[in-house]
$ cat entry_0.csv   # CSV, C-alpha atoms
chain,number,residue,atom,x,y,z
A,1,MET,CA,130.1,91.7,116.1
A,2,ILE,CA,127.6,94.4,116.4
A,3,SER,CA,127.2,95.8,119.8
A,4,ALA,CA,125.1,98.4,121.5
A,5,VAL,CA,127.6,98.5,124.3
A,6,CYS,CA,130.2,101.2,124.5
A,7,SER,CA,133.6,101.0,126.1
A,8,ALA,CA,132.2,101.8,129.5
A,9,GLY,CA,129.8,98.9,129.2
A,10,MET,CA,126.7,101.0,129.0
A,11,LYS,CA,123.9,100.5,126.5
A,12,ALA,CA,123.4,102.4,123.3
A,13,GLY,CA,127.0,103.3,122.7
A,14,HIS,CA,126.6,106.2,125.1
A,15,SER,CA,128.7,106.4,128.2
A,16,GLU,CA,129.5,109.0,130.7
A,17,VAL,CA,133.1,108.9,129.6
A,18,GLY,CA,133.3,108.2,126.0
A,19,HIS,CA,130.3,109.1,123.8
A,20,MET,CA,131.4,106.3,121.6
A,21,VAL,CA,129.2,104.4,119.2
A,22,ARG,CA,130.3,101.0,118.1
A,23,VAL,CA,129.5,100.5,114.5
A,24,GLY,CA,129.6,97.0,113.0
A,25,ILE,CA,130.7,97.0,109.4
A,26,SER,CA,130.9,94.0,107.1
A,27,GLY,CA,131.8,93.7,103.4
A,28,ARG,CA,131.4,90.9,101.0
A,29,ILE,CA,131.8,90.2,97.3
A,30,HIS,CA,129.0,88.4,95.4
A,31,ASP,CA,129.8,88.0,91.8
A,32,GLU,CA,130.3,91.6,90.6
A,33,ALA,CA,128.4,93.1,93.5
A,34,ARG,CA,130.2,94.7,96.4
A,35,VAL,CA,128.0,94.5,99.4
A,36,VAL,CA,128.7,96.5,102.6
A,37,SER,CA,126.6,96.9,105.7
A,38,ILE,CA,126.8,98.9,108.8
A,39,GLU,CA,124.7,98.7,111.9
A,40,PHE,CA,124.6,100.7,115.1
A,41,TYR,CA,122.5,102.1,117.9
A,42,LEU,CA,121.9,105.7,118.7
A,43,ILE,CA,120.0,107.7,121.3
A,44,PRO,CA,117.9,109.8,118.8
A,45,ALA,CA,117.9,113.1,120.5
A,46,GLY,CA,115.7,115.4,118.5
A,47,GLY,CA,113.4,112.6,117.4
A,48,ILE,CA,113.1,110.0,114.7
A,49,GLU,CA,112.2,112.5,111.9
A,50,ALA,CA,115.5,114.4,112.4
A,51,LEU,CA,117.4,111.1,112.3
A,52,ARG,CA,115.5,110.0,109.2
A,53,ASP,CA,116.5,113.2,107.4
A,54,ARG,CA,120.1,112.8,108.4
A,55,ILE,CA,120.2,109.3,107.1
A,56,ALA,CA,118.3,110.2,103.9
A,57,SER,CA,120.9,113.0,103.3
A,58,GLN,CA,123.7,110.4,103.6
A,59,LEU,CA,122.0,108.1,101.2
A,60,ASP,CA,121.8,111.0,98.7
A,61,ILE,CA,125.5,111.7,99.3
A,62,THR,CA,126.3,108.0,98.7
A,63,GLY,CA,124.4,108.1,95.3
A,64,LYS,CA,126.4,111.2,94.2
A,65,TRP,CA,129.6,109.6,95.5
A,66,ALA,CA,129.0,106.6,93.3
A,67,GLU,CA,128.4,108.7,90.3
A,68,GLU,CA,131.6,110.7,90.8
A,69,ASN,CA,133.5,107.5,91.2
A,70,GLY,CA,132.1,105.8,88.1
A,71,ALA,CA,130.4,103.2,90.2
A,72,PHE,CA,126.8,101.9,89.9
A,73,ILE,CA,124.6,101.6,92.9
A,74,GLY,CA,122.3,98.6,92.8
A,75,HIS,CA,120.7,100.0,95.9
A,76,ALA,CA,121.5,101.9,99.0
A,77,LYS,CA,119.1,101.1,101.8
A,78,ALA,CA,118.7,101.9,105.4
A,79,TYR,CA,116.3,101.2,108.3
A,80,ILE,CA,115.6,102.9,111.5
A,81,ARG,CA,113.9,100.8,114.1
A,82,TRP,CA,112.7,101.9,117.5
A,83,GLY,CA,110.3,99.2,118.6
A,84,GLU,CA,109.5,95.6,117.9
A,85,ASN,CA,107.5,96.5,114.8
A,86,GLU,CA,108.1,100.2,114.4
A,87,ALA,CA,110.4,101.0,111.6
A,88,ILE,CA,111.2,103.3,108.7
A,89,ALA,CA,112.9,102.0,105.6
A,90,LEU,CA,114.8,104.3,103.3
A,91,SER,CA,116.1,103.5,99.8
A,92,ASN,CA,118.0,105.2,97.0
A,93,THR,CA,118.5,103.7,93.6
A,94,GLY,CA,119.5,107.0,92.0
A,95,GLY,CA,117.6,110.2,92.3
A,96,GLU,CA,116.0,111.1,95.6
A,97,THR,CA,115.9,108.9,98.6
A,98,GLU,CA,112.5,107.4,99.3
A,99,SER,CA,111.2,106.8,102.8
A,100,ARG,CA,108.3,104.6,104.0
A,101,GLY,CA,107.1,102.7,107.0
A,102,SER,CA,105.8,103.6,110.5
A,103,GLN,CA,104.9,107.1,111.6
A,104,PRO,CA,107.7,108.7,113.7
A,105,PRO,CA,106.5,108.8,117.3
A,106,GLU,CA,105.8,112.2,118.9
A,107,VAL,CA,108.0,111.3,121.9
A,108,PRO,CA,111.5,110.4,120.8
A,109,PRO,CA,112.3,106.7,121.8
A,110,SER,CA,115.2,106.1,124.1
A,111,LEU,CA,117.1,104.1,121.5
A,112,ALA,CA,117.1,103.7,117.7
A,113,ASP,CA,118.6,100.8,115.8
A,114,ILE,CA,120.1,101.8,112.5
A,115,GLY,CA,121.2,99.6,109.6
A,116,VAL,CA,122.5,100.5,106.2
A,117,THR,CA,123.4,98.3,103.2
A,118,VAL,CA,124.9,99.5,100.0
A,119,ILE,CA,125.3,97.2,97.0
A,120,ALA,CA,127.6,98.7,94.4
A,121,PHE,CA,129.1,97.6,91.1
A,122,GLY,CA,132.2,98.8,89.3
A,123,ILE,CA,134.1,99.8,92.4
A,124,GLY,CA,136.3,98.2,95.1
A,125,LEU,CA,135.0,96.8,98.3
A,126,GLU,CA,137.3,99.0,100.4
A,127,ALA,CA,136.1,102.1,98.7
A,128,VAL,CA,132.5,101.2,99.6
A,129,GLU,CA,133.5,100.5,103.1
A,130,GLU,CA,135.1,103.9,103.4
A,131,ARG,CA,132.0,105.6,102.2
A,132,LEU,CA,129.9,103.8,104.8
A,133,LYS,CA,132.4,104.7,107.5
A,134,GLY,CA,131.9,108.3,106.4
A,135,PHE,CA,128.2,107.8,106.4
A,136,ALA,CA,128.1,106.5,110.0
A,137,SER,CA,130.6,109.1,111.2
A,138,ALA,CA,128.5,111.9,109.8
A,139,VAL,CA,125.3,110.7,111.3
A,140,VAL,CA,126.8,109.9,114.7
A,141,GLY,CA,128.8,113.1,114.7
A,142,GLN,CA,125.6,115.1,114.6
A,143,TYR,CA,124.8,113.7,118.0
A,144,GLY,CA,128.2,114.8,119.4
A,145,GLU,CA,129.4,111.2,119.5
A,146,TYR,CA,132.0,109.3,117.5
A,147,CYS,CA,132.3,105.9,115.9
A,148,VAL,CA,134.5,103.0,116.6
A,149,PHE,CA,134.3,100.4,113.8
A,150,GLU,CA,134.3,96.7,114.2
A,151,HIS,CA,135.1,94.9,111.0
A,152,GLU,CA,134.1,91.7,109.5
A,153,HIS,CA,135.3,90.7,106.0
A,154,GLU,CA,133.6,88.1,103.9
A,155,HIS,CA,134.5,87.2,100.4
A,156,HIS,CA,132.3,84.9,98.4
B,1,MET,CA,127.2,91.4,112.4
B,2,HIS,CA,124.9,89.6,114.8
B,3,LYS,CA,122.3,92.0,116.1
B,4,SER,CA,119.5,90.3,114.2
B,5,SER,CA,118.7,86.6,114.7
B,6,ARG,CA,120.7,84.5,112.3
B,7,HIS,CA,120.9,80.9,111.4
B,8,GLU,CA,123.6,79.0,113.3
B,9,ALA,CA,125.2,76.0,111.8
B,10,ASN,CA,125.0,74.3,115.2
B,11,GLY,CA,122.3,74.7,117.8
B,12,ARG,CA,120.1,76.4,115.2
B,13,GLN,CA,117.2,78.2,116.8
B,14,LYS,CA,113.8,76.8,115.9
B,15,TRP,CA,112.4,80.1,114.8
B,16,PRO,CA,115.2,82.5,114.2
B,17,GLY,CA,113.8,85.8,113.1
B,18,LEU,CA,110.2,84.6,112.9
B,19,CYS,CA,107.7,87.3,113.7
B,20,VAL,CA,104.2,86.0,114.4
B,21,PRO,CA,101.5,88.6,114.5
B,22,GLU,CA,100.2,89.2,118.0
B,23,GLY,CA,97.5,86.8,119.0
B,24,LEU,CA,98.7,84.1,116.8
B,25,GLY,CA,101.6,82.8,118.8
B,26,GLY,CA,101.8,79.8,121.0
B,27,PRO,CA,100.3,76.3,120.7
B,28,ALA,CA,97.2,77.5,118.9
B,29,ARG,CA,99.3,78.3,115.9
B,30,TYR,CA,100.5,74.7,115.7
B,31,LEU,CA,97.0,73.3,116.1
B,32,ASN,CA,95.8,75.6,113.3
B,33,ALA,CA,98.7,74.5,111.2
B,34,ALA,CA,97.8,70.9,111.7
B,35,GLY,CA,94.2,71.8,110.8
B,36,ARG,CA,95.1,72.2,107.2
B,37,GLY,CA,96.2,68.6,107.0
B,38,ASN,CA,98.0,67.8,103.8
B,39,ALA,CA,96.7,70.7,101.7
B,40,ALA,CA,99.3,71.8,99.1
B,41,MET,CA,101.6,74.6,100.2
B,42,ASN,CA,102.4,76.9,97.3
B,43,ILE,CA,105.6,78.8,96.9
B,44,LEU,CA,106.1,82.1,95.0
B,45,ILE,CA,109.5,83.5,94.4
B,46,ILE,CA,109.6,87.3,94.0
B,47,SER,CA,112.5,88.2,91.9
B,48,GLY,CA,114.0,91.3,90.2
B,49,PHE,CA,117.1,93.4,90.3
B,50,LEU,CA,118.0,95.6,93.3
B,51,GLY,CA,115.6,98.5,93.6
B,52,SER,CA,113.1,97.1,91.1
B,53,GLY,CA,110.3,97.3,93.7
B,54,LYS,CA,110.1,93.7,95.0
B,55,THR,CA,109.2,94.7,98.5
B,56,SER,CA,106.6,97.2,97.4
B,57,ALA,CA,104.9,94.6,95.3
B,58,LEU,CA,105.2,92.1,98.1
B,59,LEU,CA,103.5,94.4,100.5
B,60,GLN,CA,100.4,94.5,98.2
B,61,LEU,CA,100.6,90.8,97.2
B,62,GLY,CA,101.0,89.7,100.9
B,63,GLY,CA,97.8,91.7,101.8
B,64,HIS,CA,95.9,90.2,98.9
B,65,LEU,CA,96.8,86.7,99.8
B,66,VAL,CA,96.2,87.1,103.5
B,67,ARG,CA,92.6,88.3,102.6
B,68,ARG,CA,92.3,85.4,100.1
B,69,CYS,CA,93.4,82.9,102.7
B,70,GLY,CA,90.5,84.0,105.0
B,71,GLY,CA,90.6,85.4,108.5
B,72,ASP,CA,90.4,82.1,110.4
B,73,GLY,CA,93.2,83.0,112.8
B,74,ARG,CA,95.9,80.9,111.3
B,75,ILE,CA,99.0,82.2,109.3
B,76,GLY,CA,98.0,81.7,105.7
B,77,VAL,CA,101.0,83.6,104.3
B,78,MET,CA,104.6,83.3,105.4
B,79,ILE,CA,107.3,85.5,103.9
B,80,ILE,CA,111.0,84.5,103.7
B,81,GLU,CA,113.1,87.6,103.2
B,82,ASN,CA,116.4,86.9,101.6
B,83,GLU,CA,118.9,89.7,101.7
B,84,ILE,CA,122.5,89.5,100.7
B,85,GLY,CA,123.7,92.1,103.1
B,86,GLU,CA,124.3,91.4,106.8
B,87,VAL,CA,121.7,93.9,107.6
B,88,GLY,CA,118.1,93.2,106.7
B,89,VAL,CA,116.0,96.3,105.8
B,90,ASP,CA,112.9,95.0,104.1
B,91,ASP,CA,111.9,92.6,106.8
B,92,LYS,CA,111.4,95.6,109.2
B,93,LEU,CA,109.1,97.2,106.8
B,94,LEU,CA,107.1,94.0,106.1
B,95,ARG,CA,106.8,93.3,109.8
B,96,ALA,CA,105.7,96.9,110.4
B,97,GLN,CA,102.8,96.1,108.1
B,98,GLY,CA,101.8,93.1,110.2
B,99,LEU,CA,103.1,90.3,107.9
B,100,ALA,CA,104.8,87.2,109.2
B,101,VAL,CA,108.4,87.2,108.1
B,102,ARG,CA,111.4,84.9,108.5
B,103,GLU,CA,114.8,86.2,107.7
B,104,LEU,CA,117.4,84.6,105.5
B,105,PHE,CA,120.3,87.1,105.5
B,106,SER,CA,124.0,87.1,104.5
B,107,GLY,CA,123.8,85.1,101.4
B,108,CYS,CA,121.8,84.5,98.2
B,109,ALA,CA,119.3,81.6,98.1
B,110,CYS,CA,120.3,80.7,94.6
B,111,CYS,CA,123.8,79.9,95.7
B,112,SER,CA,125.4,80.1,99.2
B,113,SER,CA,122.2,80.1,101.2
B,114,GLY,CA,120.3,77.4,99.2
B,115,GLY,CA,120.6,74.9,102.0
B,116,ASP,CA,119.3,77.3,104.6
B,117,LEU,CA,116.3,78.1,102.4
B,118,LEU,CA,115.4,74.5,102.1
B,119,ALA,CA,115.6,74.0,105.8
B,120,ASP,CA,113.4,77.1,106.4
B,121,ILE,CA,110.8,75.8,104.0
B,122,ARG,CA,110.7,72.4,105.7
B,123,ASP,CA,110.4,74.1,109.1
B,124,ILE,CA,107.6,76.3,108.0
B,125,LYS,CA,105.7,73.5,106.4
B,126,GLU,CA,106.0,71.4,109.5
B,127,ALA,CA,105.1,74.1,112.0
B,128,ILE,CA,102.7,76.4,110.2
B,129,ASN,CA,101.7,74.8,106.9
B,130,PRO,CA,100.6,78.1,105.4
B,131,ASP,CA,98.8,78.3,102.0
B,132,TRP,CA,101.6,80.4,100.7
B,133,ILE,CA,105.3,80.9,101.2
B,134,LEU,CA,106.5,84.1,99.5
B,135,ILE,CA,110.2,84.2,99.0
B,136,GLU,CA,111.6,87.6,98.3
B,137,ALA,CA,114.9,86.8,96.5
B,138,THR,CA,117.9,89.1,96.7
B,139,GLY,CA,118.3,91.6,93.9
B,140,VAL,CA,121.2,89.6,92.4
B,141,ALA,CA,119.5,86.2,92.6
B,142,TYR,CA,118.7,83.8,89.7
B,143,PRO,CA,115.1,82.8,90.5
B,144,LEU,CA,115.0,79.8,88.2
B,145,GLN,CA,117.8,78.3,90.1
B,146,ILE,CA,115.9,78.7,93.3
B,147,LYS,CA,112.8,77.2,91.8
B,148,GLU,CA,114.7,74.2,90.5
B,149,LEU,CA,116.3,73.7,93.8
B,150,ILE,CA,113.0,73.7,95.7
B,151,GLN,CA,111.3,71.5,93.2
B,152,ALA,CA,114.1,69.0,93.0
B,153,CYS,CA,114.6,68.8,96.8
B,154,LEU,CA,111.1,69.4,98.2
B,155,GLY,CA,108.7,68.9,95.4
B,156,PHE,CA,106.4,71.9,96.2
B,157,PRO,CA,104.8,73.8,93.4
B,158,VAL,CA,106.7,77.0,92.7
B,159,LYS,CA,105.9,80.1,90.6
B,160,ILE,CA,108.0,83.1,89.8
B,161,LEU,CA,107.0,86.7,89.9
B,162,SER,CA,109.7,89.0,88.4
B,163,LEU,CA,109.9,92.7,88.5
B,164,ALA,CA,111.6,94.9,85.9
B,165,ASP,CA,112.5,98.5,86.7
B,166,ALA,CA,111.2,100.7,83.8
B,167,GLY,CA,113.1,103.7,85.0
B,168,ARG,CA,116.5,101.9,85.0
B,169,TRP,CA,115.8,99.3,82.3
B,170,ARG,CA,118.1,100.7,79.6
B,171,LYS,CA,120.9,101.3,82.0
B,172,LEU,CA,120.7,97.9,83.7
B,173,ARG,CA,120.4,96.0,80.5
B,174,ALA,CA,123.5,97.7,79.2
B,175,TYR,CA,125.4,97.3,82.4
B,176,MET,CA,124.6,93.7,83.4
B,177,PRO,CA,122.5,92.1,80.6
B,178,HIS,CA,123.1,88.5,81.7
B,179,LEU,CA,121.7,89.0,85.2
B,180,ILE,CA,118.8,91.2,84.2
B,181,GLU,CA,117.7,88.7,81.5
B,182,ALA,CA,118.2,85.7,83.7
B,183,GLN,CA,116.0,87.2,86.4
B,184,LEU,CA,113.1,87.1,83.9
B,185,ASP,CA,113.8,83.6,82.8
B,186,GLY,CA,111.0,81.2,83.8
B,187,ALA,CA,108.8,83.9,85.3
B,188,ASP,CA,105.1,83.2,85.3
B,189,CYS,CA,104.3,86.9,85.7
B,190,ILE,CA,106.4,90.0,85.0
B,191,LEU,CA,105.6,93.4,86.5
B,192,LEU,CA,107.1,96.3,84.6
B,193,ASN,CA,107.3,98.5,87.6
B,194,LYS,CA,107.8,102.2,87.8
B,195,ALA,CA,106.1,102.5,84.5
B,196,ASP,CA,105.1,106.0,85.4
B,197,LEU,CA,108.8,107.0,85.3
B,198,VAL,CA,108.9,106.6,81.5
B,199,ASP,CA,106.5,107.8,78.7
B,200,ALA,CA,103.9,105.4,77.2
B,201,PRO,CA,105.8,104.6,74.0
B,202,GLU,CA,108.9,103.7,76.1
B,203,ALA,CA,106.9,101.6,78.4
B,204,ASP,CA,105.4,99.8,75.4
B,205,ALA,CA,108.9,99.3,74.0
B,206,ILE,CA,110.2,97.8,77.2
B,207,ALA,CA,107.2,95.6,77.5
B,208,ALA,CA,107.9,94.3,74.0
B,209,GLU,CA,111.5,93.6,75.0
B,210,LEU,CA,110.2,91.7,78.0
B,211,ARG,CA,108.0,89.6,75.8
B,212,GLY,CA,111.0,88.8,73.6
B,213,LEU,CA,112.8,87.5,76.7
B,214,ASN,CA,109.9,85.6,78.1
B,215,GLU,CA,107.2,84.4,75.7
B,216,LYS,CA,104.9,82.9,78.3
B,217,ALA,CA,104.7,85.3,81.3
B,218,ALA,CA,101.8,87.6,81.8
B,219,ILE,CA,103.2,91.1,81.6
B,220,TYR,CA,101.7,94.1,83.4
B,221,LYS,CA,102.8,97.7,83.6
B,222,VAL,CA,102.4,98.9,87.2
B,223,SER,CA,103.6,101.4,89.7
B,224,ALA,CA,104.0,99.4,92.9
B,225,ASN,CA,104.0,102.4,95.2
B,226,LYS,CA,100.3,102.8,94.2
B,227,PRO,CA,97.6,100.2,94.5
B,228,ILE,CA,98.0,97.4,92.0
B,229,ASP,CA,94.9,96.1,90.4
B,230,GLU,CA,94.2,92.8,92.1
B,231,SER,CA,93.5,91.1,88.7
B,232,VAL,CA,97.3,91.1,88.3
B,233,TRP,CA,97.5,88.3,90.9
B,234,SER,CA,95.2,86.0,88.9
B,235,PHE,CA,98.2,84.0,87.8
B,236,LEU,CA,98.5,82.6,91.3
$ encode --input "entry_0.csv" --output "structure tokens"
Amino acid sequence: MISAVCSAGMKAGHSEVGHMVRVGISGRIHDEARVVSIEFYLIPAGGIEALRDRIASQLDITGKWAEENGAFIGHAKAYIRWGENEAIALSNTGGETESRGSQPPEVPPSLADIGVTVIAFGIGLEAVEERLKGFASAVVGQYGEYCVFEHEHEHH
Amino acid sequence: MHKSSRHEANGRQKWPGLCVPEGLGGPARYLNAAGRGNAAMNILIISGFLGSGKTSALLQLGGHLVRRCGGDGRIGVMIIENEIGEVGVDDKLLRAQGLAVRELFSGCACCSSGGDLLADIRDIKEAINPDWILIEATGVAYPLQIKELIQACLGFPVKILSLADAGRWRKLRAYMPHLIEAQLDGADCILLNKADLVDAPEADAIAAELRGLNEKAAIYKVSANKPIDESVWSFL
């Protein structure tokens, strides 16, 4: 379902015609938990640090969104990976987003692999999915690109 | 969502998602695995609610056990990372720290992914035979169910390390008491993590509650984002 290939068939969701990023989104229900994940690739113009800050900001926004909607975030987590074993993990369980992992490289990599999972309680699956669509759109939009979502629903 | 390697019902890959540290790959790994003969393989389940610090503790415990297993070139510690979401986050971090990780995503090992977990353990025993398999459970798992499943089906010795989040303890216990308490059930050791986020009397009060929920476990107050005293791991 996830693909790094854009409509023009080029890698990284970046084409000469579309600037489209395909974002895989999946949701599932596990007991009382609503679990939603997104995954996509980006060309991280401006470097990994800038991308990390943008994702951290969206995780903060997700925490506030949950509070405003009477939901409880079990966790909101994300990773940025740019090499086989080069990755940063970010997490928010309320309060400020924490970041750890590899040092961002001085030279921006040609591609970054991004994944986000939010596990929330006390709110509907669709609402969490909409929040994560907003998350992806905000991050991708800062690179002048736009998202096309590919959906997969799972209910357990 | 299939960017990462996943288990397939048919034509299952031999090592989906397995990351072997550089220099340990190839046939030598299997020779080394065979070299341990029938030595007992131990299993530890790391449990705790979402955000309680399981991965932070695992990073330190993994390093401790790797050192304890000796540097003879074989894989002494294998991690099975179980995440309920389609996207694995913690495995990237563990791999970035040089640990050997196998993914078990998209389901919880205490219920829907129990069969996959057993298959993974069998595969690891056969191919690597490490001293330790560390299973990081999902944040909504019931660890005692996983332990009972492994012991009933495979017969390996299993211990449970549970983490409790001091900073969110009151909130979590009010919001989902059954799950939070069940995650401490049967634990051999409980880490009251993020103890620095509450004052000393509150940490003591939470520790007393933990003792009330589990009479036998060793209980330690820690902050897993800082070095944990290695004596904590003496229960292993």
$ atom_distance --input "entry_0.csv" --atom1 "atom CA of Glu81 of chain B" --atom2 "atom CA of Val101 of chain B"
6.8 Å
$ residues_around --input "entry_0.csv" --residues "Ile114 of chain A" --least-positions-apart "6" --cutoff "7 Å" --atoms "only C-alpha atoms" --output "ChimeraX atom specification"
/A:39-41,79-81
$ write_last_selection --input "entry_0.csv" --atoms "C-alpha atoms" --output "compact mmCIF listing (two decimals), keeping the file's coordinate frame"
# COMPACT_ATOMS: atom_id res chain seq x y z
CA GLU A 39 124.70 98.70 111.90
CA PHE A 40 124.60 100.70 115.10
CA TYR A 41 122.50 102.10 117.90
CA TYR A 79 116.30 101.20 108.30
CA ILE A 80 115.60 102.90 111.50
CA ARG A 81 113.90 100.80 114.10
$ closest_residue --input "entry_0.csv" --among "B:Ile79, B:Ile45, B:Ile128, B:Val87" --to "Gln145 of chain B" --atoms "only C-alpha atoms"
B:Ile45
$ residues_around --input "entry_0.csv" --residues "Gly63 of chain A" --least-positions-apart "4" --cutoff "9 Å" --atoms "all atoms listed in the file" --output "ChimeraX atom specification"
/A:58-59,67-68,72-73,75-76,92-96
$ closest_atom_pairs --input "entry_0.csv" --of "chain A" --to "chain B" --cutoff "9 Å" --atoms "all atoms listed in the file" --output "Markdown table"
| residue | atom | partner | partner_atom | distance |
| --- | --- | --- | --- | --- |
| A:Met1 | CA | B:Met1 | CA | 4.7 |
| A:Ile2 | CA | B:Met1 | CA | 5.0 |
| A:Ser3 | CA | B:Lys3 | CA | 7.2 |
| A:Ala4 | CA | B:Lys3 | CA | 8.8 |
| A:Gly24 | CA | B:Met1 | CA | 6.1 |
| A:Ile25 | CA | B:Met1 | CA | 7.3 |
| A:Ser26 | CA | B:Met1 | CA | 7.0 |
| A:Gly27 | CA | B:Gly85 | CA | 8.3 |
| A:Arg28 | CA | B:Gly85 | CA | 8.1 |
| A:His30 | CA | B:Val140 | CA | 8.4 |
| A:Asp31 | CA | B:Val140 | CA | 8.8 |
| A:Ala33 | CA | B:Val140 | CA | 8.1 |
| A:Val35 | CA | B:Gly85 | CA | 6.2 |
| A:Val36 | CA | B:Gly85 | CA | 6.7 |
| A:Ser37 | CA | B:Val87 | CA | 6.1 |
| A:Ile38 | CA | B:Val87 | CA | 7.2 |
| A:Glu39 | CA | B:Val87 | CA | 7.1 |
| A:Phe72 | CA | B:Tyr175 | CA | 8.9 |
| A:Ile73 | CA | B:Leu50 | CA | 8.9 |
| A:Gly74 | CA | B:Leu50 | CA | 5.3 |
| A:His75 | CA | B:Leu50 | CA | 5.8 |
| A:Ala76 | CA | B:Gly51 | CA | 8.7 |
| A:Lys77 | CA | B:Val89 | CA | 7.0 |
| A:Ala78 | CA | B:Val89 | CA | 6.2 |
| A:Tyr79 | CA | B:Val89 | CA | 5.5 |
| A:Ile80 | CA | B:Val89 | CA | 8.7 |
| A:Arg81 | CA | B:Lys92 | CA | 7.6 |
| A:Glu84 | CA | B:Ala96 | CA | 8.5 |
| A:Asn85 | CA | B:Ala96 | CA | 4.8 |
| A:Glu86 | CA | B:Ala96 | CA | 5.7 |
| A:Ala87 | CA | B:Lys92 | CA | 6.0 |
| A:Ile88 | CA | B:Leu93 | CA | 6.7 |
| A:Ala89 | CA | B:Leu93 | CA | 6.2 |
| A:Leu90 | CA | B:Val89 | CA | 8.5 |
| A:Ser91 | CA | B:Gly51 | CA | 8.0 |
| A:Asn92 | CA | B:Gly51 | CA | 7.9 |
| A:Thr93 | CA | B:Gly51 | CA | 6.0 |
| A:Arg100 | CA | B:Leu93 | CA | 8.0 |
| A:Gly101 | CA | B:Leu93 | CA | 5.9 |
| A:Ser102 | CA | B:Ala96 | CA | 6.7 |
| A:Gly115 | CA | B:Val87 | CA | 6.1 |
| A:Val116 | CA | B:Val87 | CA | 6.8 |
| A:Thr117 | CA | B:Gly85 | CA | 6.2 |
| A:Val118 | CA | B:Gly85 | CA | 8.1 |
| A:Ile119 | CA | B:Gly85 | CA | 8.1 |
| A:His151 | CA | B:Met1 | CA | 8.8 |
| A:Glu152 | CA | B:Met1 | CA | 7.5 |
| A:His156 | CA | B:Ser112 | CA | 8.4 |
$ closest_residue --input "entry_0.csv" --among "B:Asp165, B:Ala119, B:Gln183, B:Asn214" --to "Ala195 of chain B" --atoms "all atoms listed in the file"
B:Asp165
$ residues_around --input "entry_0.csv" --residues "Glu106 of chain A" --least-positions-apart "4" --cutoff "12 Å" --atoms "all atoms listed in the file" --output "list of chain:residue names"
A:Gly46, A:Gly47, A:Ile48, A:Glu49, A:Ala50
$ atom_distance --input "entry_0.csv" --atom1 "atom CA of Val21 of chain A" --atom2 "atom CA of Ser99 of chain A"
24.5 Å
$ residues_around --input "entry_0.csv" --residues "segment 206-213 of chain B" --least-positions-apart "5" --cutoff "10 Å" --atoms "all atoms listed in the file" --output "ChimeraX atom specification"
/B:164-166,169-170,181-182,184-186,190-192,195,198,200-201,218-221
$ atom_distance --input "entry_0.csv" --atom1 "atom CA of Glu145 of chain A" --atom2 "atom CA of Glu129 of chain A"
20.0 Å
$ residues_around --input "entry_0.csv" --residues "Ile43 of chain A" --least-positions-apart "2" --cutoff "6 Å" --atoms "all atoms listed in the file" --output "count of residues only"
3
$ decode --input "entry_0.csv" --residues "segment 33-44 of chain A" --atoms "N, CA and C atoms" --output "PDB file, in the first residue's frame"
ATOM      1  N   ALA A  33      -8.277   1.063  22.119  1.00  0.00           N
ATOM      2  CA  ALA A  33      -7.283   1.902  21.442  1.00  0.00           C
ATOM      3  C   ALA A  33      -7.632   2.109  19.965  1.00  0.00           C
ATOM      4  N   ARG A  34      -7.420   3.309  19.504  1.00  0.00           N
ATOM      5  CA  ARG A  34      -7.548   3.619  18.077  1.00  0.00           C
ATOM      6  C   ARG A  34      -6.135   3.859  17.568  1.00  0.00           C
ATOM      7  N   VAL A  35      -5.716   3.020  16.635  1.00  0.00           N
ATOM      8  CA  VAL A  35      -4.317   3.031  16.203  1.00  0.00           C
ATOM      9  C   VAL A  35      -4.259   3.460  14.738  1.00  0.00           C
ATOM     10  N   VAL A  36      -3.614   4.561  14.468  1.00  0.00           N
ATOM     11  CA  VAL A  36      -3.528   5.053  13.092  1.00  0.00           C
ATOM     12  C   VAL A  36      -2.059   5.322  12.749  1.00  0.00           C
ATOM     13  N   SER A  37      -1.672   4.857  11.563  1.00  0.00           N
ATOM     14  CA  SER A  37      -0.291   5.046  11.107  1.00  0.00           C
ATOM     15  C   SER A  37      -0.290   5.685   9.730  1.00  0.00           C
ATOM     16  N   ILE A  38       0.705   6.498   9.487  1.00  0.00           N
ATOM     17  CA  ILE A  38       0.958   7.006   8.138  1.00  0.00           C
ATOM     18  C   ILE A  38       2.432   6.766   7.812  1.00  0.00           C
ATOM     19  N   GLU A  39       2.710   6.682   6.530  1.00  0.00           N
ATOM     20  CA  GLU A  39       4.083   6.444   6.108  1.00  0.00           C
ATOM     21  C   GLU A  39       4.285   7.062   4.727  1.00  0.00           C
ATOM     22  N   PHE A  40       5.381   7.745   4.557  1.00  0.00           N
ATOM     23  CA  PHE A  40       5.650   8.358   3.253  1.00  0.00           C
ATOM     24  C   PHE A  40       7.131   8.688   3.118  1.00  0.00           C
ATOM     25  N   TYR A  41       7.515   9.011   1.916  1.00  0.00           N
ATOM     26  CA  TYR A  41       8.893   9.433   1.628  1.00  0.00           C
ATOM     27  C   TYR A  41       8.901  10.901   1.224  1.00  0.00           C
ATOM     28  N   LEU A  42      10.007  11.559   1.521  1.00  0.00           N
ATOM     29  CA  LEU A  42      10.182  12.959   1.129  1.00  0.00           C
ATOM     30  C   LEU A  42      11.624  13.191   0.717  1.00  0.00           C
ATOM     31  N   ILE A  43      11.813  14.143  -0.155  1.00  0.00           N
ATOM     32  CA  ILE A  43      13.170  14.640  -0.387  1.00  0.00           C
ATOM     33  C   ILE A  43      13.373  15.763   0.626  1.00  0.00           C
ATOM     34  N   PRO A  44      14.231  15.553   1.616  1.00  0.00           N
ATOM     35  CA  PRO A  44      14.288  16.496   2.735  1.00  0.00           C
ATOM     36  C   PRO A  44      15.138  17.736   2.432  1.00  0.00           C
TER      37      PRO A  44
END
